[in-house]
Amino acid sequence: MASRSVLARVARKALVSTAAPTGEGYSIRAVGALTSKPYAFKTRSWELKSTESIDIFDGVGSNIRIDTRGSEIMRVLPRLNEHVNEEWISDKSRFSYDGLKRQRLSTPMVRNVDGNLLPVQWDRARAVLKNALITLQLENPGGFECHGVIGPYVDVNAALEFRNQFLRWFPTGQMHVQEKARNIPTDFRHSYMHNLTLPQLEEADFVLLVGADPRKEAPLLNARLRKGSLYHGVTVATVGSPVSLTYPSKHLGNTLKTLQAIADGSHPIAATLTEAERPVIMVSNRALQREDGNAVYKLVEDVVRKSKAVQEGWDGLCVLHQGANTVGNLDIGFEDKYAGLRALDAGSWSATKVLFLMGADDIDNIDVPEDCFVVYQGHHGDRGASIANVVLPGAAYTEKDSIYVNTEGRVQASKLAFFPPGLARDDAHVLRDLLGADEDLEHVTEQLKSASLDILAPHLLKTNYVQEGDRVLGTDTILPPGRTPFLPTPLQSPVDNFYMTDPITRSSKTMAKCTRVRNTHNFSQ
């Protein structure tokens, strides 16, 4: 018995240390050999209600099954989909659901004169919001500066309603997609999406990763690359911060000079790239959010033109997104002059009178004047809610029926597993009720009134469907011609902490323990 006890402890430690970001470690263990600790002895299987939905913790959109008892999630399991995640999910997707119970926004809140947020009813929140907006319009008849930021986890339905309501109230306002790449035009879908489907990645014979760490950004996509490496001998090379992948890879350098050398053909790897029949050039969306993001994209395009990455039946220019619905929000159409919104140009926001944060939390260097009226709508009391004058509680991905578009452009539907807590409601319904169409605003046009998915993005009406990128110019650049200067600073790692990347995982005790183990290798607590 003693030897079996020691063996069990060793196996448990090995599981935690090796399975973390790969997304496969837990699932490949033999059935019955190990028990999920958060689920063990909590309920019986016949007491559960199962809901088929999708995961939103990365840009892949893994298909999952949510098992609930009452209003509590008991476990999250993978759901078979050979086109997306096969039968796997990442450890973060499987175990972070306890974050949905903590730090939730369950009632509207309004900041009083003392600077404290006080809970109110919906009618009170509606009155405060409407009065503030109408007062600003009366005090500024010539117009005023306002901004709306859409977070990477906002679903298509909520983003569409936000677009319509924001343009109704602020026809000259600026709307921004938080994870949109800096200075990259979005007129053509092939410029901002992962143009290959996930199963096609296994057919590649050469993969160049630019500023990307798929093991942390998209574990299930990384599993596809691992299969290609094991069974098809794909060559993987990386440019950027050194990464620890689950398959052999060659680190070429960490600055854009290396990428320029590959584009010029002076780098030794250029010959291998040119000879490849099905090469893939994968760039992280975080790399495109740098100040010189347009230069990064321009160099990637140059590398694509030097290879066979774009040919009949194969489009190997792939942008890897972390946001669950960044591609969907860009499909709807949010173009602006402020892009790469992890680092806002604070000077450009000094005259802002209204700032509406729609599920936007991870924004760096945001600095608005004291008289700016800030509205935050989301499901967790995270960074965005801390600066808001009005807080509107919304529904998490498990609490609404909606649409998400993953990094490859696949349209997928999430399903309501249980209702939001307290007074929280679906985001689209909140916007419609609080800012609804009962006011006769003079600037509202018939086109805006009829703006819907069948007009803006009809392909989003087809679930489990991938609309191919509309590449009509071959490998012609979408950026102005000529060499674009770039910075000498190295490409940074796109993810600092795999286990805490959003408000839900930052509220999860399980993810906090995983972070501690990763940092200190302390298994005893």
# chains A, B, ... in the order shown; residues from 1 in each chain; ligands from 1
call {"tool": "residues_around", "arguments": {"residues": "His251 (chain A)", "least_positions_apart": "6", "cutoff": "12 Å", "atoms": "only C-alpha atoms", "output": "list in words"}}
result
Leu208, Leu209, Val210, Gly211, Ala212, Asp213, Thr235, Val236, Ala237, Thr238, Val239, Gly240, Ser241, Pro242, Val243, Ser244, Leu245, Thr258, Leu259 and Ile269 of chain A
call {"tool": "residues_around", "arguments": {"residues": "Val430 (chain A)", "least_positions_apart": "4", "cutoff": "12 Å", "atoms": "only C-alpha atoms", "output": "CSV table (one decimal) with C-alpha atoms, in the first residue's frame"}}
result
chain,number,residue,atom,x,y,z
A,108,PRO,CA,-26.2,47.4,-11.8
A,122,TRP,CA,-32.2,48.6,-13.7
A,123,ASP,CA,-34.6,51.5,-13.9
A,125,ALA,CA,-29.3,52.7,-14.0
A,126,ARG,CA,-31.2,53.5,-17.1
A,157,ASN,CA,-25.0,39.5,-31.2
A,158,ALA,CA,-23.8,41.9,-28.4
A,161,GLU,CA,-26.3,45.7,-30.9
A,162,PHE,CA,-23.5,47.8,-29.5
A,165,GLN,CA,-26.8,51.7,-30.4
A,358,MET,CA,-17.9,46.6,-23.7
A,376,TYR,CA,-18.6,49.3,-18.3
A,377,GLN,CA,-20.6,46.4,-19.4
A,378,GLY,CA,-19.4,42.9,-18.5
A,391,VAL,CA,-21.6,49.3,-14.3
A,392,LEU,CA,-24.0,47.1,-16.3
A,393,PRO,CA,-23.9,43.4,-15.4
A,394,GLY,CA,-23.9,41.0,-18.4
A,395,ALA,CA,-24.0,37.3,-19.1
A,423,LEU,CA,-30.0,41.0,-12.1
A,424,ALA,CA,-27.4,40.3,-14.8
A,425,ARG,CA,-28.8,39.9,-18.3
A,426,ASP,CA,-27.7,39.2,-21.8
A,434,LEU,CA,-31.3,50.9,-21.7
A,435,LEU,CA,-30.5,52.7,-25.0
A,436,GLY,CA,-33.3,51.3,-27.1
call {"tool": "atom_distance", "arguments": {"atom1": "CA of Leu461 (chain A)", "atom2": "CA of Glu82 (chain A)"}}
result
21.5 Å
call {"tool": "atom_distance", "arguments": {"atom1": "CA of Val327 (chain A)", "atom2": "CA of Asn406 (chain A)"}}
result
6.5 Å
call {"tool": "atom_distance", "arguments": {"atom1": "CA of Asp496 (chain A)", "atom2": "CA of Arg286 (chain A)"}}
result
11.9 Å
call {"tool": "residues_around", "arguments": {"residues": "Ser452 (chain A)", "least_positions_apart": "4", "cutoff": "12 Å", "atoms": "only C-alpha atoms", "output": "ChimeraX atom specification"}}
result
/A:156-164,332-333,446-448,456-461
call {"tool": "residues_around", "arguments": {"residues": "Asp55 (chain A)", "least_positions_apart": "4", "cutoff": "7 Å", "atoms": "only C-alpha atoms", "output": "short mmCIF file (atom, residue, chain, number, x, y, z; two decimals) with N, CA and C atoms, in the first residue's frame"}}
result
data_model
loop_
_atom_site.label_atom_id
_atom_site.label_comp_id
_atom_site.auth_asym_id
_atom_site.auth_seq_id
_atom_site.Cartn_x
_atom_site.Cartn_y
_atom_site.Cartn_z
N GLY A 61 -11.93 28.14 -30.16
CA GLY A 61 -13.35 27.87 -29.95
C GLY A 61 -13.64 26.39 -29.84
N SER A 62 -12.96 25.72 -28.92
CA SER A 62 -13.13 24.28 -28.75
C SER A 62 -14.58 23.95 -28.42
N ASN A 63 -15.06 22.84 -28.95
CA ASN A 63 -16.42 22.39 -28.66
C ASN A 63 -16.43 21.67 -27.32
N ILE A 64 -17.35 22.07 -26.45
CA ILE A 64 -17.37 21.53 -25.09
C ILE A 64 -18.79 21.11 -24.71
N SER A 93 -9.52 25.35 -20.24
CA SER A 93 -10.94 25.22 -20.60
C SER A 93 -11.66 24.25 -19.68
#
call {"tool": "residues_around", "arguments": {"residues": "Pro420 (chain A)", "least_positions_apart": "5", "cutoff": "12 Å", "atoms": "only C-alpha atoms", "output": "ChimeraX atom specification"}}
result
/A:70-72,100-101,104-107,378-380,393-401,425-427
call {"tool": "select_by_dssp", "arguments": {"residues": "region 370-513 of chain A", "states": "helix (DSSP H, G or I)", "output": "PyMOL selection string"}}
result
chain A and resi 385-387+397-399+427-435+446-449+453-456+458-461+503-506+509-513
